[in-house]
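As provided, input.cif (mmCIF, N, CA and C atoms) reads as follows.
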```cif
data_coords
loop_
_atom_site.label_atom_id
_atom_site.label_comp_id
_atom_site.auth_asym_id
_atom_site.auth_seq_id
_atom_site.Cartn_x
_atom_site.Cartn_y
_atom_site.Cartn_z
N MET U 1 -18.91 16.56 -2.80
CA MET U 1 -17.47 16.67 -2.76
C MET U 1 -16.87 15.66 -3.74
N LYS U 2 -15.92 16.12 -4.49
CA LYS U 2 -15.28 15.27 -5.48
C LYS U 2 -13.84 14.98 -5.02
N LEU U 3 -13.46 13.73 -5.13
CA LEU U 3 -12.10 13.34 -4.76
C LEU U 3 -11.18 13.40 -5.97
N ARG U 4 -9.91 13.59 -5.72
CA ARG U 4 -8.90 13.52 -6.77
C ARG U 4 -8.27 12.14 -6.67
N PRO U 5 -8.64 11.21 -7.55
CA PRO U 5 -8.21 9.81 -7.43
C PRO U 5 -6.70 9.62 -7.35
N TRP U 6 -5.93 10.32 -8.17
CA TRP U 6 -4.49 10.09 -8.14
C TRP U 6 -3.86 10.64 -6.86
N ALA U 7 -4.37 11.76 -6.35
CA ALA U 7 -3.87 12.29 -5.10
C ALA U 7 -4.17 11.33 -3.95
N LEU U 8 -5.37 10.77 -3.95
CA LEU U 8 -5.73 9.78 -2.95
C LEU U 8 -4.83 8.55 -3.08
N GLY U 9 -4.60 8.11 -4.32
CA GLY U 9 -3.76 6.95 -4.55
C GLY U 9 -2.33 7.16 -4.08
N VAL U 10 -1.77 8.32 -4.37
CA VAL U 10 -0.39 8.61 -3.93
C VAL U 10 -0.34 8.65 -2.40
N SER U 11 -1.32 9.25 -1.78
CA SER U 11 -1.35 9.33 -0.31
C SER U 11 -1.42 7.95 0.32
N ILE U 12 -2.32 7.13 -0.16
CA ILE U 12 -2.45 5.78 0.37
C ILE U 12 -1.20 4.96 0.05
N GLY U 13 -0.64 5.15 -1.13
CA GLY U 13 0.58 4.44 -1.50
C GLY U 13 1.74 4.77 -0.58
N ILE U 14 1.90 6.03 -0.24
CA ILE U 14 2.98 6.44 0.67
C ILE U 14 2.79 5.82 2.04
N VAL U 15 1.56 5.86 2.53
CA VAL U 15 1.28 5.30 3.86
C VAL U 15 1.47 3.78 3.86
N TRP U 16 0.93 3.09 2.86
CA TRP U 16 1.01 1.63 2.84
C TRP U 16 2.44 1.15 2.56
N GLY U 17 3.11 1.76 1.60
CA GLY U 17 4.49 1.38 1.32
C GLY U 17 5.39 1.64 2.51
N GLY U 18 5.22 2.81 3.14
CA GLY U 18 6.00 3.13 4.33
C GLY U 18 5.72 2.18 5.47
N SER U 19 4.48 1.77 5.62
CA SER U 19 4.11 0.81 6.67
C SER U 19 4.79 -0.53 6.46
N ILE U 20 4.77 -1.03 5.25
CA ILE U 20 5.45 -2.30 4.95
C ILE U 20 6.95 -2.17 5.21
N PHE U 21 7.53 -1.06 4.77
CA PHE U 21 8.97 -0.81 4.93
C PHE U 21 9.37 -0.80 6.41
N ILE U 22 8.67 -0.01 7.20
CA ILE U 22 9.00 0.11 8.62
C ILE U 22 8.71 -1.18 9.37
N THR U 23 7.58 -1.81 9.07
CA THR U 23 7.23 -3.05 9.74
C THR U 23 8.23 -4.16 9.42
N THR U 24 8.78 -4.15 8.22
CA THR U 24 9.80 -5.15 7.87
C THR U 24 11.03 -5.01 8.75
N PHE U 25 11.50 -3.78 8.95
CA PHE U 25 12.66 -3.58 9.82
C PHE U 25 12.36 -3.98 11.26
N ILE U 26 11.20 -3.58 11.76
CA ILE U 26 10.82 -3.93 13.12
C ILE U 26 10.75 -5.44 13.26
N SER U 27 10.14 -6.11 12.29
CA SER U 27 10.00 -7.56 12.34
C SER U 27 11.34 -8.27 12.24
N TYR U 28 12.21 -7.78 11.38
CA TYR U 28 13.52 -8.42 11.19
C TYR U 28 14.35 -8.37 12.47
N TYR U 29 14.33 -7.25 13.16
CA TYR U 29 15.17 -7.08 14.34
C TYR U 29 14.53 -7.53 15.65
N THR U 30 13.20 -7.58 15.71
CA THR U 30 12.54 -7.96 16.97
C THR U 30 11.64 -9.19 16.84
N GLY U 31 11.23 -9.53 15.64
CA GLY U 31 10.29 -10.64 15.45
C GLY U 31 8.84 -10.20 15.55
N TYR U 32 8.62 -8.95 15.95
CA TYR U 32 7.26 -8.42 16.07
C TYR U 32 6.61 -8.32 14.69
N ALA U 33 5.39 -8.73 14.57
CA ALA U 33 4.57 -8.65 13.34
C ALA U 33 5.07 -9.57 12.23
N LYS U 34 5.85 -10.58 12.58
CA LYS U 34 6.36 -11.50 11.56
C LYS U 34 5.22 -12.25 10.88
N GLU U 35 4.28 -12.75 11.67
CA GLU U 35 3.16 -13.49 11.09
C GLU U 35 2.31 -12.58 10.19
N PHE U 36 2.12 -11.34 10.62
CA PHE U 36 1.37 -10.38 9.82
C PHE U 36 2.00 -10.21 8.45
N LEU U 37 3.32 -10.00 8.42
CA LEU U 37 4.01 -9.82 7.15
C LEU U 37 4.01 -11.08 6.30
N GLU U 38 4.15 -12.23 6.93
CA GLU U 38 4.15 -13.48 6.17
C GLU U 38 2.80 -13.72 5.51
N VAL U 39 1.73 -13.45 6.23
CA VAL U 39 0.40 -13.66 5.67
C VAL U 39 0.06 -12.60 4.65
N LEU U 40 0.38 -11.36 4.95
CA LEU U 40 -0.05 -10.25 4.11
C LEU U 40 0.90 -9.97 2.95
N ALA U 41 2.18 -9.84 3.21
CA ALA U 41 3.11 -9.37 2.18
C ALA U 41 3.85 -10.50 1.48
N VAL U 42 4.40 -11.42 2.23
CA VAL U 42 5.20 -12.49 1.60
C VAL U 42 4.34 -13.32 0.66
N SER U 43 3.08 -13.54 1.04
CA SER U 43 2.22 -14.38 0.21
C SER U 43 1.68 -13.64 -1.01
N ILE U 44 1.73 -12.31 -1.01
CA ILE U 44 1.14 -11.53 -2.12
C ILE U 44 2.21 -10.96 -3.04
N TYR U 45 3.29 -10.43 -2.49
CA TYR U 45 4.30 -9.72 -3.27
C TYR U 45 5.45 -10.65 -3.65
N PRO U 46 5.60 -11.00 -4.93
CA PRO U 46 6.66 -11.92 -5.35
C PRO U 46 8.06 -11.35 -5.06
N GLY U 47 8.91 -12.17 -4.47
CA GLY U 47 10.28 -11.78 -4.21
C GLY U 47 10.49 -11.07 -2.89
N TYR U 48 9.42 -10.67 -2.23
CA TYR U 48 9.53 -9.97 -0.96
C TYR U 48 9.86 -10.96 0.14
N GLU U 49 10.79 -10.60 0.99
CA GLU U 49 11.14 -11.38 2.18
C GLU U 49 11.34 -10.41 3.33
N ILE U 50 11.31 -10.93 4.54
CA ILE U 50 11.48 -10.09 5.72
C ILE U 50 12.97 -9.93 5.99
N THR U 51 13.62 -9.10 5.20
CA THR U 51 15.03 -8.77 5.35
C THR U 51 15.19 -7.26 5.08
N PRO U 52 16.24 -6.65 5.63
CA PRO U 52 16.44 -5.23 5.37
C PRO U 52 16.57 -4.89 3.88
N ALA U 53 17.25 -5.72 3.12
CA ALA U 53 17.42 -5.45 1.69
C ALA U 53 16.09 -5.56 0.94
N ARG U 54 15.28 -6.53 1.30
CA ARG U 54 14.00 -6.72 0.61
C ARG U 54 12.92 -5.78 1.11
N SER U 55 13.21 -5.02 2.16
CA SER U 55 12.23 -4.05 2.65
C SER U 55 11.98 -2.97 1.59
N PHE U 56 12.98 -2.70 0.75
CA PHE U 56 12.80 -1.72 -0.31
C PHE U 56 11.86 -2.25 -1.39
N LEU U 57 11.89 -3.56 -1.62
CA LEU U 57 10.95 -4.17 -2.55
C LEU U 57 9.54 -4.09 -1.97
N GLY U 58 9.42 -4.30 -0.67
CA GLY U 58 8.13 -4.15 0.00
C GLY U 58 7.61 -2.72 -0.07
N LEU U 59 8.53 -1.77 0.04
CA LEU U 59 8.16 -0.36 -0.10
C LEU U 59 7.60 -0.09 -1.49
N LEU U 60 8.26 -0.59 -2.50
CA LEU U 60 7.80 -0.40 -3.88
C LEU U 60 6.46 -1.08 -4.12
N TYR U 61 6.36 -2.35 -3.73
CA TYR U 61 5.10 -3.07 -3.90
C TYR U 61 3.97 -2.39 -3.13
N GLY U 62 4.24 -1.99 -1.90
CA GLY U 62 3.22 -1.34 -1.09
C GLY U 62 2.76 -0.03 -1.70
N PHE U 63 3.73 0.75 -2.22
CA PHE U 63 3.36 2.01 -2.84
C PHE U 63 2.48 1.78 -4.07
N LEU U 64 2.88 0.84 -4.93
CA LEU U 64 2.10 0.56 -6.14
C LEU U 64 0.71 0.03 -5.79
N ASP U 65 0.66 -0.85 -4.80
CA ASP U 65 -0.61 -1.41 -4.36
C ASP U 65 -1.53 -0.31 -3.83
N GLY U 66 -0.99 0.55 -2.99
CA GLY U 66 -1.78 1.65 -2.44
C GLY U 66 -2.18 2.67 -3.50
N LEU U 67 -1.26 2.94 -4.42
CA LEU U 67 -1.54 3.90 -5.50
C LEU U 67 -2.72 3.43 -6.34
N LEU U 68 -2.66 2.20 -6.80
CA LEU U 68 -3.74 1.69 -7.65
C LEU U 68 -5.04 1.52 -6.89
N SER U 69 -4.96 1.01 -5.67
CA SER U 69 -6.17 0.82 -4.87
C SER U 69 -6.82 2.16 -4.53
N GLY U 70 -6.00 3.12 -4.10
CA GLY U 70 -6.53 4.43 -3.75
C GLY U 70 -7.14 5.15 -4.94
N ALA U 71 -6.47 5.07 -6.09
CA ALA U 71 -7.00 5.70 -7.30
C ALA U 71 -8.32 5.06 -7.71
N LEU U 72 -8.41 3.75 -7.59
CA LEU U 72 -9.65 3.05 -7.91
C LEU U 72 -10.76 3.44 -6.94
N ILE U 73 -10.45 3.52 -5.67
CA ILE U 73 -11.45 3.92 -4.67
C ILE U 73 -11.93 5.34 -4.95
N GLY U 74 -11.00 6.25 -5.24
CA GLY U 74 -11.37 7.63 -5.54
C GLY U 74 -12.23 7.74 -6.79
N TRP U 75 -11.86 7.01 -7.82
CA TRP U 75 -12.63 7.02 -9.07
C TRP U 75 -14.04 6.47 -8.84
N LEU U 76 -14.13 5.32 -8.12
CA LEU U 76 -15.45 4.74 -7.84
C LEU U 76 -16.30 5.68 -6.99
N TYR U 77 -15.69 6.30 -6.00
CA TYR U 77 -16.42 7.24 -5.17
C TYR U 77 -17.01 8.36 -6.01
N ASN U 78 -16.20 8.92 -6.90
CA ASN U 78 -16.69 10.00 -7.76
C ASN U 78 -17.81 9.54 -8.67
N LYS U 79 -17.71 8.32 -9.19
CA LYS U 79 -18.78 7.81 -10.06
C LYS U 79 -20.06 7.55 -9.30
N LEU U 80 -19.94 7.01 -8.09
CA LEU U 80 -21.13 6.65 -7.31
C LEU U 80 -21.81 7.85 -6.69
N THR U 81 -21.08 8.94 -6.48
CA THR U 81 -21.69 10.13 -5.88
C THR U 81 -21.91 11.24 -6.88
N LYS U 82 -21.83 10.90 -8.15
CA LYS U 82 -22.00 11.91 -9.20
C LYS U 82 -23.38 12.53 -9.11
N SER U 83 -23.42 13.87 -9.11
CA SER U 83 -24.70 14.56 -9.02
C SER U 83 -25.12 15.04 -10.40
N ASP U 84 -26.39 15.35 -10.54
CA ASP U 84 -26.92 15.82 -11.84
C ASP U 84 -26.58 17.27 -12.11
N THR U 85 -26.04 17.97 -11.14
CA THR U 85 -25.75 19.40 -11.29
C THR U 85 -24.38 19.66 -11.90
N GLU U 86 -23.61 18.65 -12.19
CA GLU U 86 -22.26 18.85 -12.76
C GLU U 86 -22.30 19.24 -14.20
#
```

Can you turn what I pasted into structure tokens?
Amino acid sequence: MKLRPWALGVSIGIVWGGSIFITTFISYYTGYAKEFLEVLAVSIYPGYEITPARSFLGLLYGFLDGLLSGALIGWLYNKLTKSDTE
């Protein structure tokens, strides 16, 4: 089975970016997952903060991070499982 790296990357990007976006709102209003976001997102993504306005920056960073990571995973998978019959 061959993966489509960009399709995998877009899928993972949507899920990861959406997760950061939603978790930011939940954390801002309830305090839930604040430590998770501080360790994971605030320390990695420049300019990101746990605020409603900056949640859109987290969405963008998360999407790009997921896109590139997913595409790389898909590409590596295809290279490592390459068969001689292609």

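Using only N, CA and C atoms, the protein and nucleic acid residues lying no more than 8 Å from stretch 36-41 of chain U, apart from those fewer than 5 places from it along its own chain, are Ile20, Thr23, Thr24, Pro46, Gly47, Tyr48, Glu49, Ile50 and Gly58 of chain U.
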
Can those selected residues be exported to a file as a short mmCIF file (atom, residue, chain, number, x, y, z; two decimals), in the coordinates of the input so that it contains N, CA and C atoms?
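Wrote it out as result-v8.cif, contents follow:
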```
data_model
loop_
_atom_site.label_atom_id
_atom_site.label_comp_id
_atom_site.auth_asym_id
_atom_site.auth_seq_id
_atom_site.Cartn_x
_atom_site.Cartn_y
_atom_site.Cartn_z
N ILE U 20 4.77 -1.03 5.25
CA ILE U 20 5.45 -2.30 4.95
C ILE U 20 6.95 -2.17 5.21
N THR U 23 7.58 -1.81 9.07
CA THR U 23 7.23 -3.05 9.74
C THR U 23 8.23 -4.16 9.42
N THR U 24 8.78 -4.15 8.22
CA THR U 24 9.80 -5.15 7.87
C THR U 24 11.03 -5.01 8.75
N PRO U 46 5.60 -11.00 -4.93
CA PRO U 46 6.66 -11.92 -5.35
C PRO U 46 8.06 -11.35 -5.06
N GLY U 47 8.91 -12.17 -4.47
CA GLY U 47 10.28 -11.78 -4.21
C GLY U 47 10.49 -11.07 -2.89
N TYR U 48 9.42 -10.67 -2.23
CA TYR U 48 9.53 -9.97 -0.96
C TYR U 48 9.86 -10.96 0.14
N GLU U 49 10.79 -10.60 0.99
CA GLU U 49 11.14 -11.38 2.18
C GLU U 49 11.34 -10.41 3.33
N ILE U 50 11.31 -10.93 4.54
CA ILE U 50 11.48 -10.09 5.72
C ILE U 50 12.97 -9.93 5.99
N GLY U 58 9.42 -4.30 -0.67
CA GLY U 58 8.13 -4.15 0.00
C GLY U 58 7.61 -2.72 -0.07
#
```

**Item:** Residue IDs satisfying the PyMOL selection byres ((chain U and resi 21) around 8), as a VMD selection string
**Value:** chain U and resid 15 to 20 22 to 27 54 to 60 62

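Here atom N of U:Tyr28 is placed at a distance of 14.4 Å from atom C of U:Val42.
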
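If you look at atom C of U:Ala53 and atom C of U:Gly70, they are 26.2 Å away from each other.
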
Please write out, as AutoDock Vina command-line options, where the centre of an axis-aligned box around all listed atoms of stretch 45-61 of chain U lies and how long its edges are, in Å to one decimal, after adding 3 Å on each side.
```
--center_x 10.4 --center_y -6.1 --center_z 0.3 --size_x 20.1 --size_y 18.1 --size_z 17.3
```

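Atom C of U:Thr51 lies 14.8 Å from atom C of U:Glu35.
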
**Message:** Going by DSSP on the backbone, which residues of stretch 39-76 of chain U come out as helix (DSSP H, G or I)? List them as a ChimeraX atom specification.
**Reply:** /U:39-42,55-76

**Item:** Given the PyMOL selection byres (((chain U and resi 3-7 and name CA) around 6) and name CA), the residues it picks as an MDAnalysis selection string
**Value:** chainID U and resid 2 8:10 71 74:75

**Asked** Which is closest to U:Phe63 among U:Ala33, U:Ile12, U:Leu80, U:Ile44, if we use only C-alpha atoms?
**Response**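 Closest candidate: U:Ile12.
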
For stretch 32-65 of chain U of the structure just presented, write N, CA, C and O atoms to a file, as an mmCIF file, in the first residue's frame.
```cif
data_model
loop_
_atom_site.group_PDB
_atom_site.id
_atom_site.type_symbol
_atom_site.label_atom_id
_atom_site.label_comp_id
_atom_site.auth_asym_id
_atom_site.auth_seq_id
_atom_site.Cartn_x
_atom_site.Cartn_y
_atom_site.Cartn_z
ATOM 1 N N TYR U 32 -8.292 24.420 31.963
ATOM 2 C CA TYR U 32 -7.986 23.027 31.645
ATOM 3 C C TYR U 32 -6.920 22.956 30.562
ATOM 4 O O TYR U 32 -6.960 23.699 29.593
ATOM 5 N N ALA U 33 -5.953 22.106 30.716
ATOM 6 C CA ALA U 33 -4.871 21.843 29.754
ATOM 7 C C ALA U 33 -3.905 23.021 29.603
ATOM 8 O O ALA U 33 -3.159 23.088 28.632
ATOM 9 N N LYS U 34 -3.882 23.913 30.571
ATOM 10 C CA LYS U 34 -2.976 25.061 30.485
ATOM 11 C C LYS U 34 -1.515 24.617 30.478
ATOM 12 O O LYS U 34 -0.722 25.097 29.681
ATOM 13 N N GLU U 35 -1.171 23.699 31.368
ATOM 14 C CA GLU U 35 0.215 23.221 31.422
ATOM 15 C C GLU U 35 0.602 22.508 30.126
ATOM 16 O O GLU U 35 1.727 22.652 29.655
ATOM 17 N N PHE U 36 -0.324 21.739 29.571
ATOM 18 C CA PHE U 36 -0.080 21.053 28.306
ATOM 19 C C PHE U 36 0.280 22.055 27.216
ATOM 20 O O PHE U 36 1.256 21.891 26.485
ATOM 21 N N LEU U 37 -0.514 23.113 27.092
ATOM 22 C CA LEU U 37 -0.255 24.116 26.064
ATOM 23 C C LEU U 37 1.027 24.893 26.325
ATOM 24 O O LEU U 37 1.749 25.240 25.392
ATOM 25 N N GLU U 38 1.312 25.181 27.580
ATOM 26 C CA GLU U 38 2.537 25.914 27.891
ATOM 27 C C GLU U 38 3.773 25.102 27.535
ATOM 28 O O GLU U 38 4.733 25.631 26.980
ATOM 29 N N VAL U 39 3.741 23.824 27.848
ATOM 30 C CA VAL U 39 4.891 22.969 27.549
ATOM 31 C C VAL U 39 4.990 22.689 26.059
ATOM 32 O O VAL U 39 6.063 22.752 25.466
ATOM 33 N N LEU U 40 3.868 22.403 25.434
ATOM 34 C CA LEU U 40 3.887 21.954 24.048
ATOM 35 C C LEU U 40 3.884 23.096 23.044
ATOM 36 O O LEU U 40 4.700 23.134 22.141
ATOM 37 N N ALA U 41 2.982 24.045 23.180
ATOM 38 C CA ALA U 41 2.803 25.057 22.138
ATOM 39 C C ALA U 41 3.531 26.364 22.433
ATOM 40 O O ALA U 41 4.209 26.894 21.555
ATOM 41 N N VAL U 42 3.389 26.879 23.627
ATOM 42 C CA VAL U 42 4.017 28.180 23.937
ATOM 43 C C VAL U 42 5.526 28.100 23.799
ATOM 44 O O VAL U 42 6.166 29.033 23.308
ATOM 45 N N SER U 43 6.096 26.964 24.192
ATOM 46 C CA SER U 43 7.556 26.842 24.139
ATOM 47 C C SER U 43 8.077 26.576 22.729
ATOM 48 O O SER U 43 9.252 26.779 22.467
ATOM 49 N N ILE U 44 7.218 26.137 21.813
ATOM 50 C CA ILE U 44 7.671 25.778 20.464
ATOM 51 C C ILE U 44 7.294 26.828 19.430
ATOM 52 O O ILE U 44 8.086 27.143 18.542
ATOM 53 N N TYR U 45 6.081 27.354 19.494
ATOM 54 C CA TYR U 45 5.563 28.254 18.468
ATOM 55 C C TYR U 45 5.761 29.718 18.874
ATOM 56 O O TYR U 45 5.100 30.199 19.792
ATOM 57 N N PRO U 46 6.647 30.454 18.197
ATOM 58 C CA PRO U 46 6.918 31.850 18.557
ATOM 59 C C PRO U 46 5.669 32.729 18.410
ATOM 60 O O PRO U 46 4.953 32.654 17.423
ATOM 61 N N GLY U 47 5.402 33.525 19.427
ATOM 62 C CA GLY U 47 4.285 34.456 19.386
ATOM 63 C C GLY U 47 2.970 33.880 19.858
ATOM 64 O O GLY U 47 2.009 34.613 20.074
ATOM 65 N N TYR U 48 2.894 32.575 20.025
ATOM 66 C CA TYR U 48 1.656 31.942 20.465
ATOM 67 C C TYR U 48 1.474 32.160 21.956
ATOM 68 O O TYR U 48 2.400 32.033 22.741
ATOM 69 N N GLU U 49 0.273 32.509 22.350
ATOM 70 C CA GLU U 49 -0.110 32.641 23.755
ATOM 71 C C GLU U 49 -1.485 32.025 23.924
ATOM 72 O O GLU U 49 -2.220 31.845 22.960
ATOM 73 N N ILE U 50 -1.841 31.733 25.159
ATOM 74 C CA ILE U 50 -3.139 31.131 25.441
ATOM 75 C C ILE U 50 -4.176 32.244 25.564
ATOM 76 O O ILE U 50 -4.602 32.623 26.657
ATOM 77 N N THR U 51 -4.570 32.801 24.441
ATOM 78 C CA THR U 51 -5.609 33.827 24.363
ATOM 79 C C THR U 51 -6.476 33.527 23.133
ATOM 80 O O THR U 51 -6.009 32.888 22.190
ATOM 81 N N PRO U 52 -7.727 33.996 23.140
ATOM 82 C CA PRO U 52 -8.577 33.751 21.975
ATOM 83 C C PRO U 52 -7.987 34.301 20.668
ATOM 84 O O PRO U 52 -8.068 33.647 19.626
ATOM 85 N N ALA U 53 -7.385 35.473 20.708
ATOM 86 C CA ALA U 53 -6.812 36.056 19.490
ATOM 87 C C ALA U 53 -5.621 35.243 18.986
ATOM 88 O O ALA U 53 -5.464 35.034 17.773
ATOM 89 N N ARG U 54 -4.798 34.768 19.894
ATOM 90 C CA ARG U 54 -3.609 34.000 19.491
ATOM 91 C C ARG U 54 -3.930 32.546 19.170
ATOM 92 O O ARG U 54 -3.068 31.808 18.696
ATOM 93 N N SER U 55 -5.167 32.126 19.421
ATOM 94 C CA SER U 55 -5.549 30.755 19.070
ATOM 95 C C SER U 55 -5.482 30.557 17.554
ATOM 96 O O SER U 55 -5.202 29.453 17.084
ATOM 97 N N PHE U 56 -5.689 31.635 16.790
ATOM 98 C CA PHE U 56 -5.599 31.527 15.338
ATOM 99 C C PHE U 56 -4.149 31.321 14.896
ATOM 100 O O PHE U 56 -3.890 30.626 13.922
ATOM 101 N N LEU U 57 -3.214 31.905 15.634
ATOM 102 C CA LEU U 57 -1.801 31.666 15.356
ATOM 103 C C LEU U 57 -1.457 30.213 15.680
ATOM 104 O O LEU U 57 -0.719 29.556 14.944
ATOM 105 N N GLY U 58 -2.014 29.704 16.764
ATOM 106 C CA GLY U 58 -1.823 28.291 17.108
ATOM 107 C C GLY U 58 -2.412 27.368 16.055
ATOM 108 O O GLY U 58 -1.843 26.328 15.742
ATOM 109 N N LEU U 59 -3.555 27.765 15.501
ATOM 110 C CA LEU U 59 -4.169 26.996 14.417
ATOM 111 C C LEU U 59 -3.242 26.943 13.210
ATOM 112 O O LEU U 59 -3.022 25.873 12.628
ATOM 113 N N LEU U 60 -2.679 28.075 12.845
ATOM 114 C CA LEU U 60 -1.766 28.127 11.701
ATOM 115 C C LEU U 60 -0.499 27.321 11.957
ATOM 116 O O LEU U 60 -0.091 26.501 11.130
ATOM 117 N N TYR U 61 0.124 27.544 13.111
ATOM 118 C CA TYR U 61 1.331 26.787 13.447
ATOM 119 C C TYR U 61 1.050 25.288 13.504
ATOM 120 O O TYR U 61 1.828 24.473 13.002
ATOM 121 N N GLY U 62 -0.058 24.910 14.126
ATOM 122 C CA GLY U 62 -0.408 23.498 14.234
ATOM 123 C C GLY U 62 -0.642 22.871 12.877
ATOM 124 O O GLY U 62 -0.220 21.747 12.621
ATOM 125 N N PHE U 63 -1.331 23.610 11.992
ATOM 126 C CA PHE U 63 -1.574 23.076 10.660
ATOM 127 C C PHE U 63 -0.258 22.875 9.909
ATOM 128 O O PHE U 63 -0.034 21.824 9.309
ATOM 129 N N LEU U 64 0.618 23.876 9.943
ATOM 130 C CA LEU U 64 1.901 23.763 9.239
ATOM 131 C C LEU U 64 2.759 22.644 9.821
ATOM 132 O O LEU U 64 3.404 21.885 9.085
ATOM 133 N N ASP U 65 2.765 22.542 11.137
ATOM 134 C CA ASP U 65 3.523 21.498 11.808
ATOM 135 C C ASP U 65 3.001 20.113 11.400
ATOM 136 O O ASP U 65 3.773 19.222 11.034
#
```
